[in-house]
Structures are given as C-alpha cells and as structure tokens.
>>> print(open('data33.pdb').read())   # PDB, C-alpha atoms
ATOM      1  CA  MET A 252     -19.725 -42.259  21.892
ATOM      2  CA  VAL A 253     -18.334 -45.528  20.458
ATOM      3  CA  ARG A 254     -18.463 -44.170  16.904
ATOM      4  CA  ARG A 255     -16.927 -40.904  18.070
ATOM      5  CA  THR A 256     -14.046 -42.739  19.763
ATOM      6  CA  LEU A 257     -13.394 -45.074  16.827
ATOM      7  CA  THR A 258     -13.396 -42.178  14.391
ATOM      8  CA  ALA A 259     -10.977 -40.237  16.598
ATOM      9  CA  LEU A 260      -8.608 -43.221  16.735
ATOM     10  CA  LEU A 261      -8.750 -43.600  12.945
ATOM     11  CA  LEU A 262      -7.983 -39.916  12.460
ATOM     12  CA  PHE A 263      -5.041 -40.159  14.830
ATOM     13  CA  ALA A 264      -3.737 -43.199  12.945
ATOM     14  CA  LEU A 265      -3.856 -41.195   9.707
ATOM     15  CA  LEU A 266      -2.468 -38.006  11.173
ATOM     16  CA  LEU A 267       0.558 -39.338  13.022
ATOM     17  CA  PRO A 268       2.482 -40.726  10.013
ATOM     18  CA  ALA A 269       1.431 -37.753   7.870
ATOM     19  CA  VAL A 270       2.823 -35.314  10.446
ATOM     20  CA  TYR A 271       5.988 -37.384  10.862
ATOM     21  CA  PHE A 272       6.798 -37.637   7.147
ATOM     22  CA  GLY A 273       5.486 -34.189   6.188
ATOM     23  CA  GLY A 274       5.768 -33.236   2.525
ATOM     24  CA  ILE A 275       3.247 -34.776   0.165
ATOM     25  CA  PRO A 276       1.549 -37.119   2.724
ATOM     26  CA  PHE A 277       0.849 -34.260   5.105
ATOM     27  CA  PHE A 278      -0.250 -31.953   2.307
ATOM     28  CA  LEU A 279      -2.674 -34.559   0.949
ATOM     29  CA  LEU A 280      -4.248 -35.108   4.366
ATOM     30  CA  VAL A 281      -4.640 -31.383   5.030
ATOM     31  CA  ALA A 282      -5.899 -30.721   1.502
ATOM     32  CA  ALA A 283      -8.470 -33.514   1.767
ATOM     33  CA  PHE A 284      -9.936 -32.199   5.013
ATOM     34  CA  ILE A 285      -9.889 -28.541   4.062
ATOM     35  CA  GLY A 286     -11.167 -29.271   0.556
ATOM     36  CA  ILE A 287     -14.161 -31.115   2.020
ATOM     37  CA  ALA A 288     -14.621 -28.324   4.561
ATOM     38  CA  ALA A 289     -14.738 -25.837   1.668
ATOM     39  CA  TRP A 290     -17.491 -27.894   0.032
ATOM     40  CA  GLU A 291     -19.412 -27.936   3.327
ATOM     41  CA  TYR A 292     -18.911 -24.176   3.701
ATOM     42  CA  ASP A 293     -20.428 -23.613   0.253
ATOM     43  CA  GLN A 294     -23.285 -26.008   0.967
ATOM     44  CA  MET A 295     -24.241 -24.304   4.235
ATOM     45  CA  PHE A 296     -24.787 -20.974   2.488
ATOM     46  CA  ARG A 297     -26.735 -22.663  -0.287
ATOM     47  CA  LEU A 298     -29.201 -23.837   2.357
ATOM     48  CA  ARG A 299     -30.097 -20.138   2.731
ATOM     49  CA  ALA A 300     -30.456 -19.657  -1.039
ATOM     50  CA  PHE A 301     -27.081 -17.991  -1.574
ATOM     51  CA  GLN A 302     -24.923 -19.165  -4.461
ATOM     52  CA  PRO A 303     -21.190 -18.782  -3.820
ATOM     53  CA  SER A 304     -19.008 -20.326  -6.500
ATOM     54  CA  ARG A 305     -18.234 -23.840  -5.346
ATOM     55  CA  ILE A 306     -15.737 -24.459  -8.139
ATOM     56  CA  VAL A 307     -13.817 -21.230  -7.573
ATOM     57  CA  THR A 308     -13.806 -21.641  -3.783
ATOM     58  CA  ILE A 309     -12.569 -25.235  -3.692
ATOM     59  CA  ALA A 310     -10.072 -24.781  -6.534
ATOM     60  CA  ALA A 311      -8.631 -21.619  -4.966
ATOM     61  CA  VAL A 312      -8.382 -23.235  -1.522
ATOM     62  CA  LEU A 313      -6.513 -26.254  -2.872
ATOM     63  CA  LEU A 314      -4.196 -24.131  -5.016
ATOM     64  CA  ILE A 315      -3.343 -21.856  -2.086
ATOM     65  CA  LEU A 316      -2.613 -24.877   0.118
ATOM     66  CA  ALA A 317      -0.390 -26.383  -2.583
ATOM     67  CA  ALA A 318       1.466 -23.107  -3.064
ATOM     68  CA  ARG A 319       2.082 -22.639   0.658
ATOM     69  CA  ALA A 320       3.375 -26.214   0.834
ATOM     70  CA  PHE A 321       5.581 -26.318  -2.258
ATOM     71  CA  TRP A 322       5.818 -22.850  -3.908
ATOM     72  CA  PRO A 323       5.487 -20.218  -1.149
ATOM     73  CA  ASP A 324       6.396 -17.315  -3.434
ATOM     74  CA  ALA A 325       3.350 -18.086  -5.593
ATOM     75  CA  ALA A 326       0.826 -18.151  -2.739
ATOM     76  CA  THR A 327       0.056 -14.415  -2.717
ATOM     77  CA  ILE A 328      -0.340 -14.374  -6.492
ATOM     78  CA  ILE A 329      -2.770 -17.290  -6.378
ATOM     79  CA  LEU A 330      -4.804 -15.637  -3.612
ATOM     80  CA  THR A 331      -5.017 -12.384  -5.586
ATOM     81  CA  LEU A 332      -5.942 -14.062  -8.858
ATOM     82  CA  SER A 333      -8.538 -16.218  -7.097
ATOM     83  CA  ILE A 334     -10.317 -13.128  -5.796
ATOM     84  CA  LEU A 335     -10.301 -11.577  -9.258
ATOM     85  CA  VAL A 336     -11.630 -14.773 -10.844
ATOM     86  CA  ALA A 337     -14.366 -14.900  -8.197
ATOM     87  CA  MET A 338     -15.395 -11.348  -9.048
ATOM     88  CA  VAL A 339     -15.591 -12.143 -12.758
ATOM     89  CA  PHE A 340     -17.691 -15.231 -12.032
ATOM     90  CA  HIS A 341     -20.192 -13.274  -9.951
ATOM     91  CA  LEU A 342     -20.272 -10.340 -12.369
ATOM     92  CA  LEU A 343     -21.434 -12.781 -15.018
ATOM     93  CA  SER A 344     -23.868 -14.269 -12.531
ATOM     94  CA  PHE A 345     -25.419 -10.855 -11.882
ATOM     95  CA  GLU A 346     -25.630 -10.132 -15.601
ATOM     96  CA  GLY A 347     -27.428 -13.455 -15.955
ATOM     97  CA  GLY A 348     -30.133 -12.323 -13.527
ATOM     98  CA  ARG A 349     -28.737 -13.225 -10.088
ATOM     99  CA  ASP A 350     -29.608 -10.187  -7.931
ATOM    100  CA  GLN A 351     -27.716 -11.535  -4.886
ATOM    101  CA  ALA A 352     -24.447 -11.916  -6.819
ATOM    102  CA  ALA A 353     -22.626  -9.282  -4.740
ATOM    103  CA  VAL A 354     -23.336 -11.202  -1.521
ATOM    104  CA  ASP A 355     -22.405 -14.461  -3.245
ATOM    105  CA  PHE A 356     -19.069 -12.883  -4.188
ATOM    106  CA  ALA A 357     -18.396 -11.889  -0.558
ATOM    107  CA  ILE A 358     -19.157 -15.444   0.602
ATOM    108  CA  THR A 359     -16.835 -16.913  -2.027
ATOM    109  CA  VAL A 360     -13.992 -14.599  -1.040
ATOM    110  CA  GLY A 361     -14.608 -15.353   2.633
ATOM    111  CA  GLY A 362     -14.216 -19.071   1.981
ATOM    112  CA  ILE A 363     -11.049 -18.565  -0.049
ATOM    113  CA  ALA A 364      -9.470 -16.357   2.609
ATOM    114  CA  TYR A 365     -10.445 -18.386   5.656
ATOM    115  CA  LEU A 366     -10.211 -21.974   4.408
ATOM    116  CA  GLY A 367      -7.409 -21.270   1.958
ATOM    117  CA  TRP A 368      -5.082 -18.600   3.302
ATOM    118  CA  VAL A 369      -5.676 -18.840   7.078
ATOM    119  CA  ALA A 370      -5.998 -22.630   7.238
ATOM    120  CA  ALA A 371      -2.723 -22.977   5.314
ATOM    121  CA  TYR A 372      -0.860 -21.945   8.470
ATOM    122  CA  LEU A 373      -1.175 -25.595   9.480
ATOM    123  CA  ILE A 374       1.203 -26.304   6.603
ATOM    124  CA  ASP A 375       3.456 -23.378   7.554
ATOM    125  CA  LEU A 376       3.640 -24.760  11.083
ATOM    126  CA  ARG A 377       4.830 -28.124   9.776
ATOM    127  CA  LEU A 378       7.449 -26.394   7.630
ATOM    128  CA  LEU A 379       9.124 -24.748  10.633
ATOM    129  CA  PRO A 380      12.407 -26.281  11.841
ATOM    130  CA  ASN A 381      11.414 -29.390  13.828
ATOM    131  CA  GLY A 382       7.919 -28.757  12.510
ATOM    132  CA  SER A 383       6.603 -32.244  13.195
ATOM    133  CA  TRP A 384       7.320 -31.779  16.913
ATOM    134  CA  TRP A 385       5.812 -28.302  17.030
ATOM    135  CA  LEU A 386       2.725 -29.444  15.145
ATOM    136  CA  MET A 387       2.089 -32.372  17.493
ATOM    137  CA  LEU A 388       2.552 -30.080  20.490
ATOM    138  CA  VAL A 389       0.040 -27.575  19.131
ATOM    139  CA  LEU A 390      -2.545 -30.084  17.893
ATOM    140  CA  SER A 391      -2.351 -32.246  21.015
ATOM    141  CA  THR A 392      -2.843 -29.227  23.250
ATOM    142  CA  VAL A 393      -5.963 -28.171  21.363
ATOM    143  CA  TRP A 394      -7.408 -31.690  21.372
ATOM    144  CA  VAL A 395      -6.898 -32.023  25.115
ATOM    145  CA  ALA A 396      -8.454 -28.604  25.720
ATOM    146  CA  ASP A 397     -11.438 -29.404  23.474
ATOM    147  CA  SER A 398     -11.965 -32.812  25.083
ATOM    148  CA  ALA A 399     -11.800 -31.438  28.623
ATOM    149  CA  ALA A 400     -14.217 -28.641  27.728
ATOM    150  CA  TYR A 401     -16.633 -31.147  26.177
ATOM    151  CA  PHE A 402     -16.696 -33.680  29.000
ATOM    152  CA  VAL A 403     -16.727 -31.169  31.860
ATOM    153  CA  GLY A 404     -19.312 -29.057  30.057
ATOM    154  CA  VAL A 405     -21.623 -32.044  29.555
ATOM    155  CA  ARG A 406     -21.335 -33.077  33.198
ATOM    156  CA  PHE A 407     -21.053 -29.803  35.096
ATOM    157  CA  GLY A 408     -21.896 -27.006  32.656
ATOM    158  CA  LEU A 409     -24.458 -24.629  34.150
ATOM    159  CA  HIS A 410     -23.579 -21.172  32.843
ATOM    160  CA  LYS A 411     -23.891 -20.817  29.080
ATOM    161  CA  MET A 412     -21.251 -18.880  27.164
ATOM    162  CA  PHE A 413     -23.071 -18.009  23.935
ATOM    163  CA  VAL A 414     -26.711 -19.061  23.943
ATOM    164  CA  ARG A 415     -27.329 -18.253  20.288
ATOM    165  CA  LEU A 416     -23.995 -19.305  18.814
ATOM    166  CA  SER A 417     -23.361 -22.532  20.711
ATOM    167  CA  PRO A 418     -25.966 -23.328  23.383
ATOM    168  CA  LYS A 419     -24.099 -26.398  24.669
ATOM    169  CA  LYS A 420     -20.909 -24.525  25.537
ATOM    170  CA  SER A 421     -20.556 -23.455  29.154
ATOM    171  CA  TRP A 422     -18.115 -21.334  31.115
ATOM    172  CA  GLU A 423     -17.378 -24.353  33.297
ATOM    173  CA  GLY A 424     -16.371 -26.395  30.275
ATOM    174  CA  TYR A 425     -14.363 -23.524  28.842
ATOM    175  CA  ALA A 426     -12.457 -23.071  32.106
ATOM    176  CA  ALA A 427     -11.730 -26.801  32.257
ATOM    177  CA  GLY A 428     -10.430 -26.686  28.691
ATOM    178  CA  VAL A 429      -8.112 -23.767  29.437
ATOM    179  CA  ILE A 430      -6.729 -25.440  32.564
ATOM    180  CA  ALA A 431      -6.315 -28.856  30.933
ATOM    181  CA  GLY A 432      -4.800 -27.466  27.726
ATOM    182  CA  THR A 433      -2.346 -25.241  29.585
ATOM    183  CA  ALA A 434      -1.255 -28.031  31.934
ATOM    184  CA  PHE A 435      -0.916 -30.532  29.095
ATOM    185  CA  ALA A 436       1.180 -28.135  27.004
ATOM    186  CA  ALA A 437       3.524 -27.631  29.949
ATOM    187  CA  ILE A 438       3.934 -31.385  30.481
ATOM    188  CA  LEU A 439       4.337 -32.160  26.784
ATOM    189  CA  SER A 440       6.830 -29.317  26.333
ATOM    190  CA  ARG A 441       8.972 -30.771  29.116
ATOM    191  CA  PHE A 442       8.687 -34.255  27.594
ATOM    192  CA  PHE A 443       9.454 -33.125  24.033
ATOM    193  CA  GLY A 444      12.350 -31.053  25.310
ATOM    194  CA  GLU A 445      13.893 -34.131  26.912
ATOM    195  CA  ILE A 446      13.337 -36.743  24.176
ATOM    196  CA  GLY A 447      13.274 -34.472  21.139
ATOM    197  CA  PRO A 448      14.926 -31.429  19.588
ATOM    198  CA  LEU A 449      12.584 -28.734  20.897
ATOM    199  CA  GLU A 450      14.099 -25.935  22.937
ATOM    200  CA  ILE A 451      11.137 -24.884  25.048
ATOM    201  CA  SER A 452      10.903 -24.420  28.794
ATOM    202  CA  VAL A 453       7.985 -25.425  30.967
ATOM    203  CA  TRP A 454       7.028 -21.752  31.369
ATOM    204  CA  GLN A 455       7.086 -21.241  27.616
ATOM    205  CA  GLY A 456       4.931 -24.340  27.270
ATOM    206  CA  ILE A 457       2.479 -22.915  29.805
ATOM    207  CA  LEU A 458       2.209 -19.655  27.862
ATOM    208  CA  LEU A 459       1.766 -21.470  24.548
ATOM    209  CA  GLY A 460      -0.877 -23.737  26.057
ATOM    210  CA  LEU A 461      -2.687 -20.772  27.577
ATOM    211  CA  VAL A 462      -2.806 -18.930  24.249
ATOM    212  CA  LEU A 463      -4.040 -21.975  22.356
ATOM    213  CA  SER A 464      -6.614 -23.206  24.859
ATOM    214  CA  THR A 465      -7.955 -19.698  25.448
ATOM    215  CA  LEU A 466      -8.332 -18.544  21.840
ATOM    216  CA  THR A 467      -8.924 -21.582  19.616
ATOM    217  CA  THR A 468     -12.496 -21.818  20.944
ATOM    218  CA  LEU A 469     -13.148 -18.795  18.734
ATOM    219  CA  GLY A 470     -12.570 -21.003  15.697
ATOM    220  CA  ASP A 471     -15.281 -23.354  16.930
ATOM    221  CA  LEU A 472     -17.623 -20.440  17.570
ATOM    222  CA  GLY A 473     -16.842 -18.967  14.160
ATOM    223  CA  GLU A 474     -17.972 -22.140  12.450
ATOM    224  CA  SER A 475     -21.024 -22.229  14.733
ATOM    225  CA  LEU A 476     -21.910 -18.773  13.400
ATOM    226  CA  VAL A 477     -22.182 -20.192   9.878
ATOM    227  CA  LYS A 478     -24.038 -23.309  11.050
ATOM    228  CA  ARG A 479     -26.577 -21.297  13.037
ATOM    229  CA  PHE A 480     -27.102 -19.089   9.993
ATOM    230  CA  ALA A 481     -27.706 -22.196   7.882
ATOM    231  CA  GLY A 482     -29.959 -23.720  10.535
ATOM    232  CA  ILE A 483     -28.021 -26.982  10.921
ATOM    233  CA  LYS A 484     -26.272 -28.795  13.773
ATOM    234  CA  ASP A 485     -23.250 -30.188  11.909
ATOM    235  CA  SER A 486     -21.435 -28.976   8.816
ATOM    236  CA  GLY A 487     -21.771 -32.443   7.251
ATOM    237  CA  THR A 488     -21.716 -36.192   7.841
ATOM    238  CA  PHE A 489     -18.193 -36.944   6.664
ATOM    239  CA  LEU A 490     -16.989 -38.256  10.047
ATOM    240  CA  PRO A 491     -19.294 -40.601  12.016
ATOM    241  CA  GLY A 492     -19.894 -39.241  15.488
ATOM    242  CA  HIS A 493     -18.060 -35.995  14.714
ATOM    243  CA  GLY A 494     -20.082 -34.365  11.940
ATOM    244  CA  GLY A 495     -18.322 -32.833   8.976
ATOM    245  CA  ALA A 496     -14.732 -32.032   8.117
ATOM    246  CA  PHE A 497     -15.292 -28.374   9.006
ATOM    247  CA  ASP A 498     -16.493 -29.478  12.453
ATOM    248  CA  ARG A 499     -13.155 -31.198  13.036
ATOM    249  CA  ILE A 500     -10.829 -28.456  11.845
ATOM    250  CA  ASP A 501     -12.641 -25.365  13.136
ATOM    251  CA  SER A 502     -10.395 -24.997  16.201
ATOM    252  CA  LEU A 503      -7.331 -26.287  14.363
ATOM    253  CA  ILE A 504      -7.496 -23.448  11.832
ATOM    254  CA  TRP A 505      -6.962 -20.990  14.666
ATOM    255  CA  ALA A 506      -4.408 -23.304  16.285
ATOM    256  CA  GLY A 507      -2.302 -23.316  13.128
ATOM    257  CA  VAL A 508      -1.992 -19.560  12.802
ATOM    258  CA  LEU A 509      -1.671 -18.879  16.549
ATOM    259  CA  GLY A 510       0.868 -21.659  17.022
ATOM    260  CA  TYR A 511       2.892 -20.606  13.987
ATOM    261  CA  TYR A 512       3.297 -16.974  14.999
ATOM    262  CA  TRP A 513       3.826 -17.712  18.676
ATOM    263  CA  ILE A 514       6.550 -20.240  17.930
ATOM    264  CA  ARG A 515       8.032 -18.185  15.096
ATOM    265  CA  PHE A 516       8.449 -14.974  17.065
ATOM    266  CA  MET A 517       8.688 -16.167  20.663
ATOM    267  CA  LEU A 518      10.663 -19.415  20.474
ATOM    268  CA  ILE A 519      12.635 -19.714  17.231
TER     269      ILE A 519
END
>>> encode(input="data33.pdb", output="structure tokens")
Amino acid sequence: MVRRTLTALLLFALLLPAVYFGGIPFFLLVAAFIGIAAWEYDQMFRLRAFQPSRIVTIAAVLLILAARAFWPDAATIILTLSILVAMVFHLLSFEGGRDQAAVDFAITVGGIAYLGWVAAYLIDLRLLPNGSWWLMLVLSTVWVADSAAYFVGVRFGLHKMFVRLSPKKSWEGYAAGVIAGTAFAAILSRFFGEIGPLEISVWQGILLGLVLSTLTTLGDLGESLVKRFAGIKDSGTFLPGHGGAFDRIDSLIWAGVLGYYWIRFMLI
C-alpha cells in the first residue's frame, strides 16, 4: 500500500504540470505511457505464442498520437497506412513459414486501433477549449470512482461481477465507485465553475460523472480480458504497486473518448 500510494503521488506530480501546460509536455507524458502499454500489449500475446509486430504496433501508436496532437488532418492517413504496413509485414511472415500470421495481423491491428486511435482521445480532450480543466474533471472523476470501488470492494465485496474476467471486482465495489464518482463530479463541476472558466451546472456534472463512473470500468475489464488470456495478473512491472502502464490507463482510455464526446456534444 505504501508503494502504491507513493507511486500515485509521483504520477500526480508528473501529470498536473503536463495537463496545465499541454502541448509537448502533455504529449510526451501520454506517449510514454501509451507507448509502454503498447509494448506490454504485444508482450502479453507473445506469452501465448502469438507474434504481433511489436515495431509496427508501437511505431503506429506513437505516430497516431503525434498526429492527433500536432497534425490532426494526417491522423486518418497514418492509421490507414499503418494497417496496410501491418498486413505487408504479416504477409511476409506467413510466406516465411508463420502459419498463425493472420491472427498475428489481427492482434497488431487491434493494438494500433485501441492504443493508438482510441487512446488518442485523451489528447483530443486536452485540445478542447479550456481542455486542461475538462481533462482534470474527467480524470479526477475516474480516479475517485476507481479508488472507491477498490477500497469498498476489498472491505465489503461479496457478490462478484465477472468471476473469470476480474475475480476481485464486486457489485458492491462497483456501486460505490458509481456513487462516489458521480458525487465527486458534481462537486468538482460546481467548484471549477466558480473558480475557473467551465460552464457546467451541477446537474450536468452529475450526468457526466454517472457516464464516466458507470462505463469506464469496461476499459479495466477489457484489459483484464487480455491479461486472463495471457495468464498473468499485471500487464507489467513499470509502476511499483500498480503493475504496468496498461494497468494504469485501461480506464482512462475509455474516459478520454467518453469525456470528449460528452463534453463536445452536450456542453460545448
């Protein structure tokens, strides 16, 4: 618990200035975490004897993130070309004797799409008007929901949600996370509306918090699907007490895309 707390404080100390300044500092932080997560993603499938292209996956993910941050018009082109390059790589792999090359190709494309295109919505969220405020609102809500779910689940969890996917998750913990995340989003929305530039009512904050705390658990479960397939507990050992980079951003990937579209179409 001490290592977990110290690591969380260090991450917060890195994140806060990166979110505030945006631009290159924020891009570098996001790219570092997602780039490592892409390596972990590749490694987990290799534990089951699959061979996705690590070079193509990581390079495509980083290029898509860079495009979404600095050259948005190029992002779709990079995604398309990355898929084509991946196919060429695995065609050559099959010709070289790799019978599972078609499955390897699907895994490579899955990593590019999920950790490149979908995760890049964290950058899009920061690029919204007053993006630093919106991003802190979204991320803080998810962290509070995750923390409440963890602590209540450990202490009071009796009814398991998904025994195969994530045996430690309980409905009691999930309910606590939804309640805590929704309440926190309402309070923080009111606070940010008073001291900052956000135009969001308490009721809008409640709805945003409800969406985030209800659905971002699916990002955690999605990563658990890959980990259970690989037969491991954590995606890596990058963060003491927290596991790998993928373990830390699994819910945030969903938070980025959900927060972006909710704010974009409901509030701005």
>>> atom_distance(input="data33.pdb", atom1="atom CA of Ile334 of chain A", atom2="atom CA of Ile358 of chain A")
11.2 Å
>>> residues_around(input="data33.pdb", residues="Tyr372 of chain A", least_positions_apart="3", cutoff="9 Å", atoms="all atoms listed in the file", output="PyMOL selection string")
chain A and resi 319+368-369+375-377+504-511
>>> atom_distance(input="data33.pdb", atom1="atom CA of Pro448 of chain A", atom2="atom CA of Val389 of chain A")
15.4 Å
>>> resolve_selection(input="data33.pdb", expression="the PyMOL selection byres ((chain A and resi 474) around 12)", output="ChimeraX atom specification")
/A:288-289,291-292,295,362,365-366,416-417,467-473,475-481,483-486,495-505
>>> residues_around(input="data33.pdb", residues="segment 450-453 of chain A", least_positions_apart="5", cutoff="9 Å", atoms="only C-alpha atoms", output="list in words")
Ala436, Ala437, Ile438, Leu439, Ser440, Arg441, Phe443, Gly444, Leu458, Leu518 and Ile519 of chain A
>>> decode(input="data33.pdb", residues="segment 389-411 of chain A", atoms="C-alpha atoms", output="PDB file, in the first residue's frame")
ATOM      1  CA  VAL A 389     -12.689  13.732 -16.258  1.00  0.00           C
ATOM      2  CA  LEU A 390      -9.519  12.114 -14.900  1.00  0.00           C
ATOM      3  CA  SER A 391     -10.256  13.049 -11.288  1.00  0.00           C
ATOM      4  CA  THR A 392     -13.750  11.605 -11.529  1.00  0.00           C
ATOM      5  CA  VAL A 393     -12.436   8.292 -12.834  1.00  0.00           C
ATOM      6  CA  TRP A 394      -9.707   8.099 -10.191  1.00  0.00           C
ATOM      7  CA  VAL A 395     -12.195   8.730  -7.399  1.00  0.00           C
ATOM      8  CA  ALA A 396     -14.584   6.133  -8.822  1.00  0.00           C
ATOM      9  CA  ASP A 397     -11.788   3.561  -9.209  1.00  0.00           C
ATOM     10  CA  SER A 398     -10.458   4.213  -5.703  1.00  0.00           C
ATOM     11  CA  ALA A 399     -13.888   3.950  -4.088  1.00  0.00           C
ATOM     12  CA  ALA A 400     -14.612   0.731  -5.981  1.00  0.00           C
ATOM     13  CA  TYR A 401     -11.267  -0.731  -4.891  1.00  0.00           C
ATOM     14  CA  PHE A 402     -11.483   0.082  -1.192  1.00  0.00           C
ATOM     15  CA  VAL A 403     -15.172  -0.752  -0.760  1.00  0.00           C
ATOM     16  CA  GLY A 404     -14.761  -3.910  -2.821  1.00  0.00           C
ATOM     17  CA  VAL A 405     -11.838  -5.103  -0.686  1.00  0.00           C
ATOM     18  CA  ARG A 406     -13.728  -4.449   2.542  1.00  0.00           C
ATOM     19  CA  PHE A 407     -17.342  -5.251   1.708  1.00  0.00           C
ATOM     20  CA  GLY A 408     -17.361  -7.001  -1.671  1.00  0.00           C
ATOM     21  CA  LEU A 409     -19.423 -10.191  -1.535  1.00  0.00           C
ATOM     22  CA  HIS A 410     -21.077 -10.525  -4.939  1.00  0.00           C
ATOM     23  CA  LYS A 411     -18.636 -10.978  -7.806  1.00  0.00           C
TER      24      LYS A 411
END
